[in-house]
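Novice: One structure is given below, represented as structure tokens, and several questions about it will come after.
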Amino acid sequence: MARAAPARPDARQVEAVPLEDGRPRAAAAFDALFIAASALLVAAVYLVTGPRDDAGAFAALADGFLHGHLFIDHDMPWLELVPVAPGSHFWYVPLPPVPAILLVPVVGLFGPSFDVGIIAALAGGLNVVLLWLLLAAIGVPSRVQPWLVAAFALGSVEWWAAGMAGTHLDAQVASVTFALLALNLAVRRRWPLLGGLFLGLAAGSRLPVGLTLPLYVALYGGLSVRPPAWPDREGLVRIAWLVLGVAIIAAPIALYNVARFGSPLDFGYTRIPSSYGMVLDEPWYTNGLNCLCYVPRNLHALFIRGFDYVDQPPWFRPNWTSLSILITTPVVLWLVKARSWAPLIVFGWIAVVLGILPDITHGGVGWTQYGYRRILDVAPVLFLMLGWVFRNGMSVEAKAAIVAGIGVMAYGIYVINVLNFVSF
């Protein structure tokens, strides 16, 4: 009796998707070469379309680590730094330190003047591979995967972040890389300790990413809302390993803060000197660093802010404040179809809301930027859910939206970097 062909995996089940029986190995090898070539092409685009801001703080901090101290030994007045003491010529970096730790071997080999923007571009290329693998893992059709990868790599603020680089953007790109690594393991329920380490490294690059933890707990633990399901014994063990992995990263970062400021939760941001006195004296922080009262300005920056119109070509001038994600990445509109009780969707939305909450309640909207850079804190989850939306194929309208987003990103990068056509 002939063996029945295996049923196509349901993308609602976040399990690994094996190759179809009988698929030629040559086809799989071609796919791997195509993905690798795409990643290299994207990295090259990032490198070429700079110019990159390679004078970031993380390379200088990595050099400090190599010399046995936690500070930068020279002022970088164009950056937000914290003096070690009043009148000191030594400076702390008020950001999570993982990007600097990653640069230690690079700086050790090439020195602190090395263009670390190259690392950001290469990490952006790696993100192409990781997203491709993630989409395949949940059963997204092979004909859809390149469209979503292109939407992320060239039709979102990822292009701006990985191409321009610089202190804040380097952290954003690093967090995306580690979040994609963690998600690739979580959807397959593999190696929860390593998944936790990757998630901890993502949060150690951009703190809000740590708040996406519920999605990983659900994926590793087998949580479900409808039908209700709690983790079994094996699920609880996986969750414990996951949390341990996060804690292994979080503990030394907490000690790092204690050594600098005496508190495990104090990264020093409120200690930054400002032309207004201190950072909290700036007019956009009238109610502290974070407040629900700041949500409207951030939602405007995230969803509504458009180009400035001027009566001269090319007419539509980017503004350093922000540009709506609906303009830079219009395919996100299809997330309205991400409605299901599948754990990937329920806990995906929970992760997105929690992960973006510190961003939209922050007094500043993330300037200077093209797009809204902080959306990268949850972009891996958003594109994972978009993969679920397009699990049965992609419409012509969605493909047109992706092409439009790539056009918008290319336009902005050109007019800003080549024509210096931008306002604040």
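Here's how to read the names in the structure tokens: chain A, B, ... by the order shown, residue numbers from 1 in each chain, ligand numbers from 1 in the order shown.
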Quick one: DSSP strand (DSSP E or B) residues in stretch 153-323 of chain A, as a PyMOL selection string?

Specialist: chain A and resi 224+229+273-274+277-278+286+288+290+308-309+316-317+319

Novice: Atoms to include: C-alpha atoms. Write the selected residues as a PDB file, in the first residue's frame.

Specialist:
```pdb
ATOM      1  CA  SER A 224      -2.977  27.990  25.848  1.00  0.00           C
ATOM      2  CA  ALA A 229      -3.908  24.482  29.046  1.00  0.00           C
ATOM      3  CA  PRO A 273      23.806  66.441  32.398  1.00  0.00           C
ATOM      4  CA  SER A 274      21.790  68.622  30.074  1.00  0.00           C
ATOM      5  CA  GLY A 277      20.622  71.321  34.046  1.00  0.00           C
ATOM      6  CA  MET A 278      19.861  67.598  34.233  1.00  0.00           C
ATOM      7  CA  THR A 286       7.899  67.330  32.861  1.00  0.00           C
ATOM      8  CA  GLY A 288       9.512  62.106  34.782  1.00  0.00           C
ATOM      9  CA  ASN A 290       7.956  57.610  31.878  1.00  0.00           C
ATOM     10  CA  ASP A 308       7.041  67.775   6.152  1.00  0.00           C
ATOM     11  CA  TYR A 309       5.875  69.362   2.893  1.00  0.00           C
ATOM     12  CA  PHE A 316       8.380  65.586   1.034  1.00  0.00           C
ATOM     13  CA  ARG A 317      11.025  66.242   3.670  1.00  0.00           C
ATOM     14  CA  ASN A 319      11.673  65.012   9.996  1.00  0.00           C
TER      15      ASN A 319
END
```

Novice: I want to know what sits within 10 Å of A:Tyr256, based on only C-alpha atoms, with residues of the same chain fewer than 3 positions away left out; could you give that as a PyMOL selection string?

Specialist: chain A and resi 70+96-97+250-253+259-267

Novice: Selection from above, C-alpha atoms, as a compact mmCIF listing (two decimals), in the first residue's frame, can you write it?

Specialist:
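Output (out-v1.txt):
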```txt
# COMPACT_ATOMS: atom_id res chain seq x y z
CA LEU A 70 33.63 50.50 33.69
CA PRO A 96 22.68 48.40 29.03
CA PRO A 97 26.20 47.11 28.34
CA ALA A 250 20.52 39.82 34.22
CA ALA A 251 22.58 39.16 37.37
CA PRO A 252 25.94 40.54 36.15
CA ILE A 253 24.20 43.53 34.57
CA ALA A 259 29.25 49.02 40.99
CA ARG A 260 28.50 52.28 39.17
CA PHE A 261 25.48 53.77 40.93
CA GLY A 262 24.77 51.60 43.97
CA SER A 263 21.49 50.19 42.65
CA PRO A 264 20.86 47.10 40.45
CA LEU A 265 18.15 48.93 38.50
CA ASP A 266 19.89 52.28 37.98
CA PHE A 267 21.49 52.60 34.55
```

Novice: Please identify all polymer residues within 9 Å of stretch 204-214 of chain A, counting only C-alpha atoms, omitting same-chain residues fewer than 6 positions from it, and present them as a PyMOL selection string.

Specialist: chain A and resi 95-99+170-176+178-179+243+246+249-250+253+347-348+350-359+377-378+381

Novice: As an MDAnalysis selection string, list the residues of stretch 173-270 of chain A assigned to helix (DSSP H, G or I) by DSSP on the backbone atoms of this structure.

Specialist: chainID A and resid 173:186 192:203 207:221 233:261 269:270

Novice: Write out as a list in words which residues come within 8 Å of A:Gly124 when counting only C-alpha atoms, dropping same-chain ones fewer than 6 positions away.

Specialist: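 Here the answer would be Val42, Ala43, Tyr46, Ala153, Glu158, Trp159, Ala162, Val173 and Thr177 of chain A.
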
Novice: Measuring atom to atom with only C-alpha atoms, identify which of A:Leu386, A:Leu376, A:Val149, A:Leu185 is nearest to A:Ala161.

Specialist: A:Leu376

Novice: Give me the residues within 12 Å of A:Ile248 as a PyMOL selection string, counting only C-alpha atoms and dropping any in the same chain fewer than 5 places off.

Specialist: chain A and resi 193-201+204+241-243+253-255

Novice: Could you check the closest approach to A:Glu282 for each of A:Thr270, A:Arg190, A:Thr329, A:Trp315 and tell me which residue wins, using only C-alpha atoms?

Specialist: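 Closest to A:Glu282, using only C-alpha atoms: A:Thr270.
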
Novice: Would you mind reading off the distance between atom CA of A:Arg391 and atom CA of A:Leu215, one decimal, in Å?

Specialist: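 Going from atom CA of A:Arg391 over to atom CA of A:Leu215 covers 19.4 Å.
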
Novice: Can you tell me how far atom CA of A:Ala121 sits from atom CA of A:Val144, in Å to one decimal?

Specialist: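 A separation of 24.3 Å between them.
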
Novice: Suppose you want the space between atom CA of A:Gly306 and atom CA of A:Ala404; what is it in Å?

Specialist: 14.8 Å

Novice: Restricting the calculation to only C-alpha atoms: of A:Ile118, A:Ala123, A:Val331, A:Ala301, which residue gets closest to A:Val396?

Specialist: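 With only C-alpha atoms as the atom set, the closest residue is A:Val331.
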
Novice: Can you work out which one of A:Leu130, A:Ile327, A:Ala29, A:Val140 has the shortest atom-to-atom distance to A:Phe307, counting only C-alpha atoms?

Specialist: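 Smallest separation from A:Phe307 among the options: A:Ile327.
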
Novice: Show me, as a list in words, the residues that have an atom within 12 Å of A:Pro314 when counting only C-alpha atoms, minus same-chain residues fewer than 6 positions from it.

Specialist: Phe307, Asp308, Tyr411, Gly412, Tyr414, Val415, Ile416, Leu419, Asn420, Phe421 and Val422 of chain A

Novice: Save the residues we just selected, N, CA and C atoms, as a PDB file, in the first residue's frame?

Specialist:
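Result went into again.pdb, see below:
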```
ATOM      1  N   PHE A 307       5.655  63.125   6.484  1.00  0.00           N
ATOM      2  CA  PHE A 307       6.706  63.998   5.984  1.00  0.00           C
ATOM      3  C   PHE A 307       6.295  65.461   6.171  1.00  0.00           C
ATOM      4  N   ASP A 308       7.289  66.337   6.242  1.00  0.00           N
ATOM      5  CA  ASP A 308       7.041  67.775   6.152  1.00  0.00           C
ATOM      6  C   ASP A 308       6.972  68.149   4.662  1.00  0.00           C
ATOM      7  N   TYR A 411      13.790  56.140  -0.319  1.00  0.00           N
ATOM      8  CA  TYR A 411      13.651  57.583  -0.537  1.00  0.00           C
ATOM      9  C   TYR A 411      14.246  58.356   0.637  1.00  0.00           C
ATOM     10  N   GLY A 412      13.859  57.994   1.847  1.00  0.00           N
ATOM     11  CA  GLY A 412      14.341  58.724   3.017  1.00  0.00           C
ATOM     12  C   GLY A 412      15.836  58.638   3.189  1.00  0.00           C
ATOM     13  N   TYR A 414      18.038  58.157   0.909  1.00  0.00           N
ATOM     14  CA  TYR A 414      18.685  58.932  -0.145  1.00  0.00           C
ATOM     15  C   TYR A 414      18.621  60.433   0.148  1.00  0.00           C
ATOM     16  N   VAL A 415      17.421  60.941   0.428  1.00  0.00           N
ATOM     17  CA  VAL A 415      17.307  62.402   0.570  1.00  0.00           C
ATOM     18  C   VAL A 415      17.998  62.901   1.833  1.00  0.00           C
ATOM     19  N   ILE A 416      18.094  62.058   2.856  1.00  0.00           N
ATOM     20  CA  ILE A 416      18.786  62.484   4.077  1.00  0.00           C
ATOM     21  C   ILE A 416      20.296  62.426   3.881  1.00  0.00           C
ATOM     22  N   LEU A 419      21.103  64.228  -0.142  1.00  0.00           N
ATOM     23  CA  LEU A 419      20.655  65.590  -0.362  1.00  0.00           C
ATOM     24  C   LEU A 419      20.639  66.434   0.908  1.00  0.00           C
ATOM     25  N   ASN A 420      20.860  65.783   2.057  1.00  0.00           N
ATOM     26  CA  ASN A 420      20.753  66.486   3.345  1.00  0.00           C
ATOM     27  C   ASN A 420      19.412  67.195   3.466  1.00  0.00           C
ATOM     28  N   PHE A 421      18.375  66.534   3.025  1.00  0.00           N
ATOM     29  CA  PHE A 421      17.023  67.086   2.964  1.00  0.00           C
ATOM     30  C   PHE A 421      16.251  66.538   4.155  1.00  0.00           C
ATOM     31  N   VAL A 422      16.357  67.211   5.300  1.00  0.00           N
ATOM     32  CA  VAL A 422      15.740  66.727   6.528  1.00  0.00           C
ATOM     33  C   VAL A 422      15.561  67.904   7.460  1.00  0.00           C
TER      34      VAL A 422
END
```

Novice: Compile the contact shell of A:Leu47 as JSON, numbers by chain: residues with an atom at most 10 Å away, counting only C-alpha atoms, same-chain residues fewer than 3 positions apart removed.

Specialist: {"A": [41, 42, 43, 44, 50, 51, 52, 117, 118, 119, 120, 121, 122, 162, 163, 164, 165]}
